[in-house]
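Data from start02.pdb: PDB, C-alpha atoms, pLDDT in the B column
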```pdb
ATOM      1  CA  ALA T   1     103.586 103.488  86.007  1.00 76.00           C
ATOM      2  CA  THR T   2     106.575 105.809  85.956  1.00 77.00           C
ATOM      3  CA  ALA T   3     106.478 109.185  87.685  1.00 72.00           C
ATOM      4  CA  ALA T   4     109.019 111.757  86.626  1.00 67.00           C
ATOM      5  CA  GLY T   5     111.042 113.441  89.313  1.00 68.00           C
ATOM      6  CA  ASN T   6     112.216 117.009  89.065  1.00 70.00           C
ATOM      7  CA  THR T   7     115.582 117.896  87.529  1.00 77.00           C
ATOM      8  CA  ASN T   8     118.382 115.901  89.173  1.00 81.00           C
ATOM      9  CA  GLN T   9     115.880 113.718  91.055  1.00 79.00           C
ATOM     10  CA  PRO T  10     115.094 110.072  90.378  1.00 82.00           C
ATOM     11  CA  ASP T  11     112.090 108.954  88.373  1.00 81.00           C
ATOM     12  CA  PHE T  12     110.255 106.187  90.162  1.00 84.00           C
ATOM     13  CA  ARG T  13     108.289 103.194  88.987  1.00 91.00           C
ATOM     14  CA  SER T  14     105.254 102.061  90.911  1.00 94.00           C
ATOM     15  CA  LEU T  15     102.150  99.928  90.755  1.00 96.00           C
ATOM     16  CA  PRO T  16      99.117 102.165  91.332  1.00 96.00           C
ATOM     17  CA  PHE T  17      96.375 100.667  93.518  1.00 96.00           C
ATOM     18  CA  ASP T  18      92.941 102.243  93.081  1.00 94.00           C
ATOM     19  CA  THR T  19      91.154 104.048  95.898  1.00 93.00           C
ATOM     20  CA  SER T  20      87.731 102.454  95.323  1.00 93.00           C
ATOM     21  CA  THR T  21      88.381  99.017  93.809  1.00 94.00           C
ATOM     22  CA  GLN T  22      90.372  96.406  95.698  1.00 94.00           C
ATOM     23  CA  GLU T  23      93.310  95.442  93.514  1.00 96.00           C
ATOM     24  CA  HIS T  24      96.274  93.127  93.882  1.00 97.00           C
ATOM     25  CA  CYS T  25      99.539  92.224  92.186  1.00 98.00           C
ATOM     26  CA  GLN T  26     101.510  89.014  92.278  1.00 97.00           C
ATOM     27  CA  PHE T  27     105.164  88.095  91.993  1.00 97.00           C
ATOM     28  CA  SER T  28     107.117  84.879  92.351  1.00 97.00           C
ATOM     29  CA  ILE T  29     110.538  84.095  93.733  1.00 96.00           C
ATOM     30  CA  ALA T  30     112.534  80.887  93.732  1.00 94.00           C
ATOM     31  CA  MET T  31     113.792  81.289  97.287  1.00 92.00           C
ATOM     32  CA  PRO T  32     117.481  80.572  97.975  1.00 92.00           C
ATOM     33  CA  LYS T  33     118.500  77.144  99.305  1.00 91.00           C
ATOM     34  CA  MET T  34     119.744  78.739 102.531  1.00 93.00           C
ATOM     35  CA  TRP T  35     116.180  79.890 103.374  1.00 93.00           C
ATOM     36  CA  LYS T  36     114.781  78.095 106.433  1.00 94.00           C
ATOM     37  CA  GLU T  37     111.535  76.956 104.800  1.00 93.00           C
ATOM     38  CA  ASP T  38     109.601  76.251 108.004  1.00 92.00           C
ATOM     39  CA  SER T  39     110.101  79.799 109.325  1.00 94.00           C
ATOM     40  CA  THR T  40     107.949  82.873 108.826  1.00 95.00           C
ATOM     41  CA  ILE T  41     108.774  85.868 106.630  1.00 97.00           C
ATOM     42  CA  GLN T  42     108.718  89.502 107.728  1.00 97.00           C
ATOM     43  CA  VAL T  43     107.483  92.002 105.135  1.00 98.00           C
ATOM     44  CA  LYS T  44     108.015  95.710 104.509  1.00 98.00           C
ATOM     45  CA  PHE T  45     106.003  97.694 101.971  1.00 98.00           C
ATOM     46  CA  TYR T  46     107.587 100.730 100.281  1.00 98.00           C
ATOM     47  CA  TRP T  47     104.896 103.087  99.022  1.00 97.00           C
ATOM     48  CA  THR T  48     103.761 106.639  98.401  1.00 95.00           C
ATOM     49  CA  SER T  49     100.751 108.517  97.044  1.00 93.00           C
ATOM     50  CA  THR T  50      99.898 111.734  95.255  1.00 89.00           C
ATOM     51  CA  SER T  51      97.885 113.019  98.222  1.00 90.00           C
ATOM     52  CA  SER T  52      99.331 115.582 100.606  1.00 91.00           C
ATOM     53  CA  SER T  53      96.837 114.551 103.324  1.00 90.00           C
ATOM     54  CA  THR T  54      98.700 112.927 106.214  1.00 92.00           C
ATOM     55  CA  SER T  55      95.492 112.167 108.126  1.00 93.00           C
ATOM     56  CA  GLN T  56      94.498 109.375 105.709  1.00 96.00           C
ATOM     57  CA  THR T  57      95.705 105.779 105.909  1.00 97.00           C
ATOM     58  CA  CYS T  58      96.446 102.996 103.447  1.00 97.00           C
ATOM     59  CA  PHE T  59      96.068  99.295 104.293  1.00 98.00           C
ATOM     60  CA  TRP T  60      98.547  96.909 102.667  1.00 98.00           C
ATOM     61  CA  ALA T  61      98.346  93.118 102.924  1.00 98.00           C
ATOM     62  CA  ILE T  62     100.236  90.110 101.586  1.00 98.00           C
ATOM     63  CA  ARG T  63      99.992  86.332 101.415  1.00 98.00           C
ATOM     64  CA  ALA T  64     102.158  83.580  99.959  1.00 98.00           C
ATOM     65  CA  THR T  65     102.119  79.968  98.854  1.00 97.00           C
ATOM     66  CA  SER T  66     104.708  77.580  97.440  1.00 96.00           C
ATOM     67  CA  VAL T  67     104.806  75.015  94.657  1.00 96.00           C
ATOM     68  CA  THR T  68     107.339  72.205  94.349  1.00 93.00           C
ATOM     69  CA  ASP T  69     108.658  70.250  91.358  1.00 93.00           C
ATOM     70  CA  ASN T  70     105.946  68.176  89.605  1.00 93.00           C
ATOM     71  CA  GLU T  71     103.146  69.822  91.633  1.00 93.00           C
ATOM     72  CA  THR T  72     100.150  71.550  90.088  1.00 91.00           C
ATOM     73  CA  LEU T  73     100.288  75.332  89.986  1.00 91.00           C
ATOM     74  CA  ALA T  74      96.633  75.450  91.084  1.00 88.00           C
ATOM     75  CA  THR T  75      97.607  75.982  94.717  1.00 88.00           C
ATOM     76  CA  GLY T  76      95.473  78.269  96.869  1.00 91.00           C
ATOM     77  CA  PHE T  77      96.613  81.264  98.872  1.00 96.00           C
ATOM     78  CA  PRO T  78      96.112  81.504 102.658  1.00 97.00           C
ATOM     79  CA  SER T  79      94.484  84.500 104.356  1.00 97.00           C
ATOM     80  CA  LEU T  80      95.924  87.972 103.901  1.00 97.00           C
ATOM     81  CA  VAL T  81      98.145  89.487 106.612  1.00 97.00           C
ATOM     82  CA  GLY T  82      98.320  93.262 106.672  1.00 97.00           C
ATOM     83  CA  ALA T  83      98.286  96.598 108.440  1.00 98.00           C
ATOM     84  CA  ALA T  84      97.429 100.258 107.905  1.00 97.00           C
ATOM     85  CA  GLN T  85      99.813 103.193 107.841  1.00 98.00           C
ATOM     86  CA  ALA T  86      99.235 106.935 107.696  1.00 97.00           C
ATOM     87  CA  ASN T  87     100.107 108.607 104.417  1.00 96.00           C
ATOM     88  CA  SER T  88     103.378 110.560 104.683  1.00 96.00           C
ATOM     89  CA  GLY T  89     102.439 113.063 101.971  1.00 93.00           C
ATOM     90  CA  ALA T  90     102.548 113.459  98.208  1.00 91.00           C
ATOM     91  CA  LYS T  91     105.546 111.626  96.717  1.00 89.00           C
ATOM     92  CA  VAL T  92     106.997 111.056 100.203  1.00 93.00           C
ATOM     93  CA  LEU T  93     108.321 107.558 100.907  1.00 94.00           C
ATOM     94  CA  SER T  94     106.423 105.504 103.480  1.00 97.00           C
ATOM     95  CA  ILE T  95     107.802 102.190 104.759  1.00 98.00           C
ATOM     96  CA  LEU T  96     105.297  99.908 106.461  1.00 98.00           C
ATOM     97  CA  GLY T  97     106.726  96.939 108.338  1.00 97.00           C
ATOM     98  CA  LEU T  98     104.132  94.346 109.289  1.00 95.00           C
ATOM     99  CA  ASP T  99     103.959  93.452 112.974  1.00 94.00           C
ATOM    100  CA  ASN T 100     102.780  89.953 112.062  1.00 95.00           C
ATOM    101  CA  ALA T 101     104.983  87.681 109.989  1.00 95.00           C
ATOM    102  CA  ILE T 102     103.526  85.653 107.140  1.00 97.00           C
ATOM    103  CA  THR T 103     103.699  81.907 106.745  1.00 96.00           C
ATOM    104  CA  VAL T 104     104.203  80.561 103.236  1.00 97.00           C
ATOM    105  CA  ALA T 105     101.429  78.023 102.620  1.00 96.00           C
ATOM    106  CA  ASN T 106     101.722  74.538 101.115  1.00 95.00           C
ATOM    107  CA  SER T 107     104.697  73.338 103.208  1.00 93.00           C
ATOM    108  CA  PRO T 108     107.575  74.867 101.227  1.00 94.00           C
ATOM    109  CA  SER T 109     110.756  72.885 100.724  1.00 91.00           C
ATOM    110  CA  ALA T 110     114.176  73.625  99.217  1.00 87.00           C
ATOM    111  CA  GLY T 111     113.966  74.432  95.512  1.00 86.00           C
ATOM    112  CA  ASP T 112     110.310  75.490  95.554  1.00 93.00           C
ATOM    113  CA  ILE T 113     108.996  78.615  93.913  1.00 95.00           C
ATOM    114  CA  CYS T 114     106.966  80.943  96.136  1.00 96.00           C
ATOM    115  CA  PHE T 115     104.091  83.042  94.857  1.00 97.00           C
ATOM    116  CA  PHE T 116     103.239  86.274  96.686  1.00 98.00           C
ATOM    117  CA  GLU T 117     100.105  88.392  96.376  1.00 98.00           C
ATOM    118  CA  VAL T 118     100.054  92.032  97.555  1.00 98.00           C
ATOM    119  CA  THR T 119      96.687  93.729  98.054  1.00 98.00           C
ATOM    120  CA  ARG T 120      95.529  97.199  98.971  1.00 98.00           C
ATOM    121  CA  VAL T 121      92.513  96.499 101.200  1.00 97.00           C
ATOM    122  CA  VAL T 122      90.409  99.551 100.331  1.00 95.00           C
ATOM    123  CA  GLY T 123      87.648  98.599 102.768  1.00 95.00           C
ATOM    124  CA  SER T 124      90.152  99.043 105.611  1.00 97.00           C
ATOM    125  CA  ASP T 125      91.702 102.384 104.606  1.00 96.00           C
ATOM    126  CA  ASP T 126      90.592 105.920 103.804  1.00 96.00           C
ATOM    127  CA  LEU T 127      93.306 107.164 101.440  1.00 96.00           C
ATOM    128  CA  ALA T 128      91.351 109.160  98.837  1.00 95.00           C
ATOM    129  CA  THR T 129      93.828 108.661  95.992  1.00 94.00           C
ATOM    130  CA  ASP T 130      95.787 105.876  94.372  1.00 94.00           C
ATOM    131  CA  ALA T 131      98.385 104.223  96.591  1.00 96.00           C
ATOM    132  CA  LEU T 132     101.632 103.730  94.688  1.00 96.00           C
ATOM    133  CA  LEU T 133     103.517 100.553  95.584  1.00 97.00           C
ATOM    134  CA  LEU T 134     107.245 101.086  95.006  1.00 96.00           C
ATOM    135  CA  GLY T 135     108.532  97.766  96.309  1.00 97.00           C
ATOM    136  CA  VAL T 136     108.317  94.948  98.828  1.00 98.00           C
ATOM    137  CA  LYS T 137     111.140  93.761 101.075  1.00 98.00           C
ATOM    138  CA  LEU T 138     111.154  90.185 102.377  1.00 97.00           C
ATOM    139  CA  LEU T 139     113.164  89.344 105.494  1.00 96.00           C
ATOM    140  CA  TYR T 140     113.650  85.636 106.132  1.00 95.00           C
ATOM    141  CA  THR T 141     115.594  83.272 108.366  1.00 95.00           C
ATOM    142  CA  ILE T 142     118.453  81.242 106.922  1.00 94.00           C
ATOM    143  CA  ASN T 143     119.839  77.881 108.024  1.00 93.00           C
ATOM    144  CA  ALA T 144     123.054  77.885 105.992  1.00 91.00           C
ATOM    145  CA  GLU T 145     125.837  80.352 105.205  1.00 91.00           C
ATOM    146  CA  ASN T 146     125.362  80.152 101.454  1.00 89.00           C
ATOM    147  CA  ASP T 147     123.513  78.314  98.677  1.00 88.00           C
ATOM    148  CA  ALA T 148     126.304  75.846  97.902  1.00 83.00           C
TER
END
```
Could you render the structure as structure tokens?
Amino acid sequence: ATAAGNTNQPDFRSLPFDTSTQEHCQFSIAMPKMWKEDSTIQVKFYWTSTSSSTSQTCFWAIRATSVTDNETLATGFPSLVGAAQANSGAKVLSILGLDNAITVANSPSAGDICFFEVTRVVGSDDLATDALLLGVKLLYTINAENDA
């Protein structure tokens, strides 16, 4: 969904997550060769809502798995890792950094593609409006200076 900003303000694209039905989205990334595959990944969620109530919280969670060359894509996800954050207000940016890192399942190796699933866990939050996911930042350890 695209929300229009006011004059001379940016429009922003988001994925709306319903307040009463647990929803998720998925994305995939072929991680760079310099990624240290046996390390964990830190995650930050960038989000907002249309609610001005700052007493309500939203619970975001993520999980990931990897698939290597000549391996079936029917690979399962591990358990979700997530946390709640108080709403910052209507169309106000909130950045939630998870305290717990995630481990990419299925023993990733160089050249694999990683599949990520982001979920709003509505049973663990009380935000009475759609939560609008603006983006996800992945922070990972490297074991080389470049991908050469």
Query raised in the report: Excluding same-chain residues fewer than 6 positions from Ser55 (chain T), what lies within 12 Å of it counting all atoms listed in the file, as an NGL selection string?
Result: :T and (85-89 or 125-128)
Query raised in the report: Hey, which of T:Gly135, T:Lys91, T:Glu145, T:Tyr140 ends up closest to Asp11 (chain T)? Count all atoms listed in the file.
Result: T:Lys91
Within 9 Å of Ala84 (chain T), counting only C-alpha atoms, which residues qualify if same-chain residues fewer than 3 places away don't, as a PDB file with C-alpha atoms, keeping the file's coordinate frame?
```pdb
ATOM      1  CA  THR T  57      95.705 105.779 105.909  1.00 97.00           C
ATOM      2  CA  CYS T  58      96.446 102.996 103.447  1.00 97.00           C
ATOM      3  CA  PHE T  59      96.068  99.295 104.293  1.00 98.00           C
ATOM      4  CA  TRP T  60      98.547  96.909 102.667  1.00 98.00           C
ATOM      5  CA  ALA T  61      98.346  93.118 102.924  1.00 98.00           C
ATOM      6  CA  LEU T  96     105.297  99.908 106.461  1.00 98.00           C
ATOM      7  CA  SER T 124      90.152  99.043 105.611  1.00 97.00           C
ATOM      8  CA  ASP T 125      91.702 102.384 104.606  1.00 96.00           C
TER       9      ASP T 125
END
```
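Of the residues under consideration (T:Val122, T:Leu73, T:Ala144, T:Val136), T:Val122 shows the shortest atom-to-atom contact distance to Gln22 (chain T) when counting all atoms listed in the file.
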**Report entry** Output of the PyMOL selection byres ((chain T and resi 31) around 12), listed as an NGL selection string
**Finding:** :T and (28-30 or 32-37 or 41 or 65-68 or 104 or 108-116 or 138-142 or 147)
Requested in this report: Rank nothing, just name the residue among T:Asp38, T:Glu117, T:Asp18, T:Asp130 nearest to Ala64 (chain T), using all atoms listed in the file.
Outcome: T:Glu117
Requested in this report: For Val81 (chain T), list every protein, DNA or RNA residue within 10 Å, evaluated using all atoms listed in the file, and leave out those in the same chain fewer than 5 positions away; present the list as a list in words.
Outcome: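 Listed by chain and then number, they are Val43, Trp60, Ala61, Ile62, Arg63, Ala64, Leu98, Asp99, Asn100, Ala101, Ile102, Thr103, Val118 and Thr119 of chain T.
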May I have the selected residues written with C-alpha atoms, as a compact mmCIF listing (two decimals), in the coordinates of the input?
```
# COMPACT_ATOMS: atom_id res chain seq x y z
CA VAL T 43 107.48 92.00 105.14
CA TRP T 60 98.55 96.91 102.67
CA ALA T 61 98.35 93.12 102.92
CA ILE T 62 100.24 90.11 101.59
CA ARG T 63 99.99 86.33 101.42
CA ALA T 64 102.16 83.58 99.96
CA LEU T 98 104.13 94.35 109.29
CA ASP T 99 103.96 93.45 112.97
CA ASN T 100 102.78 89.95 112.06
CA ALA T 101 104.98 87.68 109.99
CA ILE T 102 103.53 85.65 107.14
CA THR T 103 103.70 81.91 106.74
CA VAL T 118 100.05 92.03 97.56
CA THR T 119 96.69 93.73 98.05
```
Query raised in the report: Mind telling me what the PyMOL selection byres ((chain T and resi 94) around 7) catches here, as a VMD selection string?
Result: chain T and resid 46 to 48 88 92 to 93 95 to 96
Report summary line: One residue among T:Ala105, T:Ala90, T:Val121, T:Cys25 is nearest to Pro78 (chain T) when using all atoms listed in the file, and that residue is T:Ala105
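Going from CA of Leu15 (chain T) to CA of Leu133 (chain T) covers 5.1 Å.
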Query raised in the report: Please, what distance in Å, to one decimal, runs between CA of Arg120 (chain T) and CA of Ala3 (chain T)?
Result: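 That distance, rounded to one decimal, is 19.8 Å.
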Requested in this report: Return the single residue from T:Ala148, T:Asp69, T:Ala131, T:Ser107 that is closest to Ser39 (chain T), with distances computed using all atoms listed in the file.
Outcome: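 Among the listed residues, the smallest separation from Ser39 (chain T) belongs to T:Ser107.
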Query raised in the report: Rounded to one decimal in Å, what is the spacing between CA of Gly123 (chain T) and CA of Ser20 (chain T)?
Result: 8.4 Å
